[in-house]
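Structure record follows, encoded as structure tokens.
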Number of protein chains: 2
Amino acid sequence: MDNIKDLNTDENPDKSTEKLILKAAKDVFHRKGLAGARMQEIADEAGLNKAMLHYYFRTKDKLFEAIFSEECCGFFDKLADLINVDLPLLEKIEHFVENYTELLLKNSYIPAFIISEMHHNPEKIKHMFIDRIFSVKYKFLGDITTAVSLGLIKPVDPRQLIVNIIALCIFPIAARPMLTLMLEFNDKEYLDFIETRKKEVAKFIINSIKIN
Amino acid sequence: MDNIKDLNTDENPDKSTEKLILKAAKDVFHRKGLAGARMQEIADEAGLNKAMLHYYFRTKDKLFEAIFSEECCGFFDKLADLINVDLPLLEKIEHFVENYTELLLKNSYIPAFIISEMHHNPEKIKHMFIDRIFSVKYKFLGDITTAVSLGLIKPVDPRQLIVNIIALCIFPIAARPMLTLMLEFNDKEYLDFIETRKKEVAKFIINSIKIN
DNA sequence: GTCTATATAGGGATAGAC
DNA sequence: GTCTATCCCTATATAGAC
């Protein structure tokens with residue numbers, strides 16, 4: 001019995017050191033990006049010293065990798081669950097917009113982070129979700145193609161519709177600082193605005209594609 | 001007559017040194033972001049040495065500022081032109097989507113850049129466009145509010161509609177690497193897809209808000 | 001496992017020759 | 001204006017005591 005690293009003898013009884021590091025690193029990487037993040041800042045935010053970060057994760061790159069591969073996997077798994085739900089297309093879109101927006105709100109740093117790091121280090125983060133992205137895409141494409149061929153919705157390019165749906169959900173989360181500036185929101189107003197979108201965006205999409 | 005800096009005696013007869021630096025810096029900042037960009041890389045790409053960058057722009061921050069304040073101003077000025085065009089709302093939206101998409105394509109690095117740097121250094125880049133953003137917003141808000149009150153379109157929250165329009169235009173440009181990965185595009189396929197969107201997105205929006 | 005102290009490199013910035 | 005050489009701080013990473 002030599003592996004008792006979760007003894008938690010310090011002042012954070014319910015959080016192991018590793019968890020503290022991961023939490024702090026997540027926040028700092030989110031705020032500053034990979035290149036802008038400083039190991040010192042992560043250590044400070046975790047209430048530890050730099051040496052501990054290296055003890056647990058060896059390098060900054062490995063720490064980054066550990067966090068975001070897990071975050072991205074979890075995020076895309078939940079996304080897949082939303083797409084695989086068994087509903088007619090219009091109800092599925094309604095369900096998707098509402099729950100995807102909720103998921104994005106709970107992981108509000110992920111969209112801007114992926115957009116940003118995909119531009120700066122595409123090769124470094126592609127592999128975090130490339131395996132999971134295709135099943136989501138094919139399921140969604142199939143649903144739309146079927147609905148079109150059954151005459152349930154207007155004829156549309158399924159790829160364009162998917163991009164429209166995703167754009168309407170992701171953009172207001174990814175561009176929060178810009179939206180907040182432009183529409184002069186405080187935090188509450190912003191969150192209310194997004195809450196309203198859960199219903200409004202679904203209506204906006206369905207109005208556009210439904211057969212009159 | 002001691003100011004003859006545009007003599008262009010070197011192998012780039014039509015580009016001053018300052019222009020070479022700005023061009024290289026723009027590309028590198030775009031690829032790597034402010035924090036990830038290296039003065040050495042900019043110098044290499046411009047075919048010069050680091051000392052020249054400091055000679056012309058003193059610091060990395062000032063070089064960054066010089067490029068993106070100009071880029072952002074130009075971008076938002078053109079955006080304002082699109083909003084101020086004198087057309088009925090539905091035609092204006094059609095005109096806007098087509099021309100804004102074209103503008104975004106020509107400045108394809110700006111959306112992801114603004115999203116990314118607004119998260120990492122909001123205070124550093126807000127001032128680049130804060131003065132220009134409001135006139136655009138109020139004009140657009142006014143147009144939509146008028147159209148709603150005249151019964152020309154369905155009743156909608158003008159702010160939600162604006163965010164929808166912008167999201168549909170910006171997202172596919174900002175998230176190009178993600179889209180390319182997900183839809184397995186090569187460069188030509190991606191550009192064709194965006195070209196198609198110029199018409200499709202306008203139809204998508206108008207279908208949703210027009211009175212039947 | 002956790003800390004302090006330190007090695008080493010990288011990168012922004014400057015000095016000074018031409 | 002342009003270059004080479006160098007300064008010096010910052011940041012990642014490691015060594016070693018406890």
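A note on labels: chains of the structure tokens are A, B, ... as shown, every chain counts residues from 1, and ligands are counted from 1 in their shown order.
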Contact table chain B vs chain D, cut-off 10 Å, shortest pair per residue, only C-alpha atoms (C1' of nucleotides), as a Markdown table:
```
| residue | atom | partner | partner_atom | distance |
| --- | --- | --- | --- | --- |
| B:Lys5 | CA | D:DG1 | C1' | 8.4 |
| B:Thr17 | CA | D:DG1 | C1' | 9.4 |
| B:Leu48 | CA | D:DT2 | C1' | 8.9 |
| B:Asn49 | CA | D:DC3 | C1' | 7.9 |
| B:Ala51 | CA | D:DC3 | C1' | 8.3 |
| B:Met52 | CA | D:DT2 | C1' | 7.3 |
| B:Tyr55 | CA | D:DG1 | C1' | 9.0 |
```
I need the chain C residues near chain B as a PyMOL selection string; criterion: at most 10 Å, counting only C-alpha atoms (C1' of nucleotides).
chain C and resi 11-14
Residues from the last selection, N, CA, C and O atoms (P, O5', C5', C4', C3', O3' and C1' of nucleotides), saved as a PDB file, in the first residue's frame:
```
ATOM      1  P    DG C  11      12.081  32.005 -28.838  1.00  0.00           P
ATOM      2  O5'  DG C  11      12.008  33.535 -28.457  1.00  0.00           O
ATOM      3  C5'  DG C  11      11.273  33.936 -27.307  1.00  0.00           C
ATOM      4  C4'  DG C  11      11.550  35.395 -27.033  1.00  0.00           C
ATOM      5  C3'  DG C  11      11.589  36.261 -28.293  1.00  0.00           C
ATOM      6  O3'  DG C  11      10.866  37.440 -28.036  1.00  0.00           O
ATOM      7  C1'  DG C  11      13.547  36.580 -27.036  1.00  0.00           C
ATOM      8  P    DG C  12      10.338  38.367 -29.156  1.00  0.00           P
ATOM      9  O5'  DG C  12      10.508  39.790 -28.460  1.00  0.00           O
ATOM     10  C5'  DG C  12       9.953  39.980 -27.181  1.00  0.00           C
ATOM     11  C4'  DG C  12      10.673  41.111 -26.480  1.00  0.00           C
ATOM     12  C3'  DG C  12      10.730  42.412 -27.270  1.00  0.00           C
ATOM     13  O3'  DG C  12      10.474  43.490 -26.363  1.00  0.00           O
ATOM     14  C1'  DG C  12      12.933  41.708 -26.758  1.00  0.00           C
ATOM     15  P    DA C  13      10.289  44.974 -26.997  1.00  0.00           P
ATOM     16  O5'  DA C  13      11.767  45.539 -26.884  1.00  0.00           O
ATOM     17  C5'  DA C  13      12.350  45.674 -25.581  1.00  0.00           C
ATOM     18  C4'  DA C  13      13.802  46.061 -25.725  1.00  0.00           C
ATOM     19  C3'  DA C  13      14.079  47.276 -26.610  1.00  0.00           C
ATOM     20  O3'  DA C  13      14.558  48.335 -25.791  1.00  0.00           O
ATOM     21  C1'  DA C  13      15.654  45.515 -26.980  1.00  0.00           C
ATOM     22  P    DT C  14      15.000  49.724 -26.442  1.00  0.00           P
ATOM     23  O5'  DT C  14      16.583  49.588 -26.545  1.00  0.00           O
ATOM     24  C5'  DT C  14      17.294  49.179 -25.393  1.00  0.00           C
ATOM     25  C4'  DT C  14      18.782  49.131 -25.687  1.00  0.00           C
ATOM     26  C3'  DT C  14      19.356  50.353 -26.393  1.00  0.00           C
ATOM     27  O3'  DT C  14      20.527  50.734 -25.692  1.00  0.00           O
ATOM     28  C1'  DT C  14      20.000  48.406 -27.531  1.00  0.00           C
TER      29       DT C  14
END
```
Atom CA of Phe68 of chain B to atom CA of Ala24 of chain B, straight-line distance in Å
13.0 Å
Please produce, as a tab-separated table, a per-residue contact table for chain A versus chain B (criterion: any atom at most 9 Å away, only C-alpha atoms considered), showing the nearest atom pair and its distance in Å to one decimal, sorted by chain then residue number.
```
residue	atom	partner	partner_atom	distance
A:His30	CA	B:His119	CA	8.2
A:Arg31	CA	B:His120	CA	5.5
A:Lys32	CA	B:His120	CA	4.8
A:Gly33	CA	B:His120	CA	6.9
A:Leu34	CA	B:Gly36	CA	8.3
A:Ala35	CA	B:Gly36	CA	5.0
A:Gly36	CA	B:Ala35	CA	5.1
A:Ala37	CA	B:Ala35	CA	8.8
A:Ala112	CA	B:Ser116	CA	6.4
A:Phe113	CA	B:Ser116	CA	7.4
A:Ile114	CA	B:Met178	CA	8.3
A:Ile115	CA	B:Ala175	CA	5.7
A:Ser116	CA	B:Ser116	CA	5.3
A:Glu117	CA	B:Ser116	CA	8.6
A:Met118	CA	B:Pro177	CA	6.3
A:His119	CA	B:Arg31	CA	6.2
A:His120	CA	B:Lys32	CA	4.7
A:Asn121	CA	B:Lys32	CA	7.8
A:Pro122	CA	B:Pro177	CA	7.6
A:Lys126	CA	B:Leu181	CA	8.3
A:Ile130	CA	B:Leu181	CA	7.8
A:Ile133	CA	B:Met182	CA	6.5
A:Phe134	CA	B:Met182	CA	6.7
A:Lys137	CA	B:Met182	CA	7.3
A:Val156	CA	B:Glu200	CA	8.9
A:Arg159	CA	B:Leu183	CA	7.9
A:Gln160	CA	B:Arg197	CA	7.4
A:Leu161	CA	B:Phe204	CA	8.9
A:Val163	CA	B:Pro172	CA	7.3
A:Asn164	CA	B:Leu168	CA	6.0
A:Ile165	CA	B:Leu168	CA	8.7
A:Ile166	CA	B:Phe171	CA	8.6
A:Ala167	CA	B:Phe171	CA	5.4
A:Leu168	CA	B:Ala167	CA	5.7
A:Cys169	CA	B:Ala167	CA	8.5
A:Ile170	CA	B:Phe171	CA	8.0
A:Phe171	CA	B:Ala167	CA	5.4
A:Pro172	CA	B:Ala167	CA	7.3
A:Ala174	CA	B:Ile115	CA	6.9
A:Ala175	CA	B:Ile115	CA	5.6
A:Arg176	CA	B:Ile115	CA	8.5
A:Pro177	CA	B:Met118	CA	6.2
A:Met178	CA	B:Met118	CA	7.2
A:Leu179	CA	B:Val163	CA	8.3
A:Leu181	CA	B:Ile130	CA	7.8
A:Met182	CA	B:Ile133	CA	6.5
A:Leu183	CA	B:Arg159	CA	7.9
A:Phe193	CA	B:Gln160	CA	8.2
A:Thr196	CA	B:Gln160	CA	8.9
A:Arg197	CA	B:Gln160	CA	7.4
A:Glu200	CA	B:Gln160	CA	7.9
A:Val201	CA	B:Asn164	CA	8.0
A:Lys203	CA	B:Ser208	CA	8.5
A:Phe204	CA	B:Ser208	CA	5.8
A:Ile205	CA	B:Ser208	CA	6.9
A:Ile206	CA	B:Ser208	CA	7.7
A:Asn207	CA	B:Ser208	CA	4.8
A:Ser208	CA	B:Ser208	CA	4.0
A:Ile209	CA	B:Asn207	CA	7.7
A:Asn212	CA	B:Asn212	CA	8.4
```
Would you give me, as a PyMOL selection string, the residues in segment 4-212 of chain B that DSSP reads as alpha helix (DSSP H)?
chain B and resi 17-36+39-46+50-57+60-83+89-106+110-120+122-126+130-149+158-174+176-182+187-209
Could you list, as a PyMOL selection string, every residue within 6 Å of segment 44-46 of chain B, counting only C-alpha atoms (C1' of nucleotides) and ignoring same-chain residues fewer than 3 positions away?
chain B and resi 20-21+24+41
Would you save the residues of that selection, restricted to all heavy atoms, as a PDB file, in the first residue's frame?
```pdb
ATOM      1  N   LEU B  20       7.617  46.223 -45.942  1.00  0.00           N
ATOM      2  CA  LEU B  20       8.033  44.826 -45.818  1.00  0.00           C
ATOM      3  C   LEU B  20       7.792  44.321 -44.404  1.00  0.00           C
ATOM      4  O   LEU B  20       7.306  43.212 -44.191  1.00  0.00           O
ATOM      5  CB  LEU B  20       9.523  44.685 -46.165  1.00  0.00           C
ATOM      6  CG  LEU B  20       9.899  44.684 -47.643  1.00  0.00           C
ATOM      7  CD1 LEU B  20      11.412  44.686 -47.802  1.00  0.00           C
ATOM      8  CD2 LEU B  20       9.296  43.470 -48.342  1.00  0.00           C
ATOM      9  N   ILE B  21       8.154  45.149 -43.431  1.00  0.00           N
ATOM     10  CA  ILE B  21       7.975  44.767 -42.034  1.00  0.00           C
ATOM     11  C   ILE B  21       6.492  44.600 -41.719  1.00  0.00           C
ATOM     12  O   ILE B  21       6.079  43.603 -41.123  1.00  0.00           O
ATOM     13  CB  ILE B  21       8.596  45.819 -41.091  1.00  0.00           C
ATOM     14  CG1 ILE B  21      10.110  45.852 -41.280  1.00  0.00           C
ATOM     15  CG2 ILE B  21       8.244  45.511 -39.638  1.00  0.00           C
ATOM     16  CD1 ILE B  21      10.799  46.986 -40.533  1.00  0.00           C
ATOM     17  N   ALA B  24       5.094  41.360 -43.243  1.00  0.00           N
ATOM     18  CA  ALA B  24       5.564  40.164 -42.546  1.00  0.00           C
ATOM     19  C   ALA B  24       4.933  40.068 -41.160  1.00  0.00           C
ATOM     20  O   ALA B  24       4.481  38.995 -40.732  1.00  0.00           O
ATOM     21  CB  ALA B  24       7.085  40.182 -42.437  1.00  0.00           C
ATOM     22  N   GLU B  41      11.060  35.796 -36.148  1.00  0.00           N
ATOM     23  CA  GLU B  41      10.302  35.204 -37.253  1.00  0.00           C
ATOM     24  C   GLU B  41       9.811  36.284 -38.214  1.00  0.00           C
ATOM     25  O   GLU B  41       9.831  36.103 -39.436  1.00  0.00           O
ATOM     26  CB  GLU B  41       9.117  34.394 -36.702  1.00  0.00           C
ATOM     27  CG  GLU B  41       8.423  33.548 -37.765  1.00  0.00           C
ATOM     28  CD  GLU B  41       7.302  32.675 -37.188  1.00  0.00           C
ATOM     29  OE1 GLU B  41       7.181  32.582 -35.952  1.00  0.00           O
ATOM     30  OE2 GLU B  41       6.545  32.107 -37.995  1.00  0.00           O
TER      31      GLU B  41
END
```
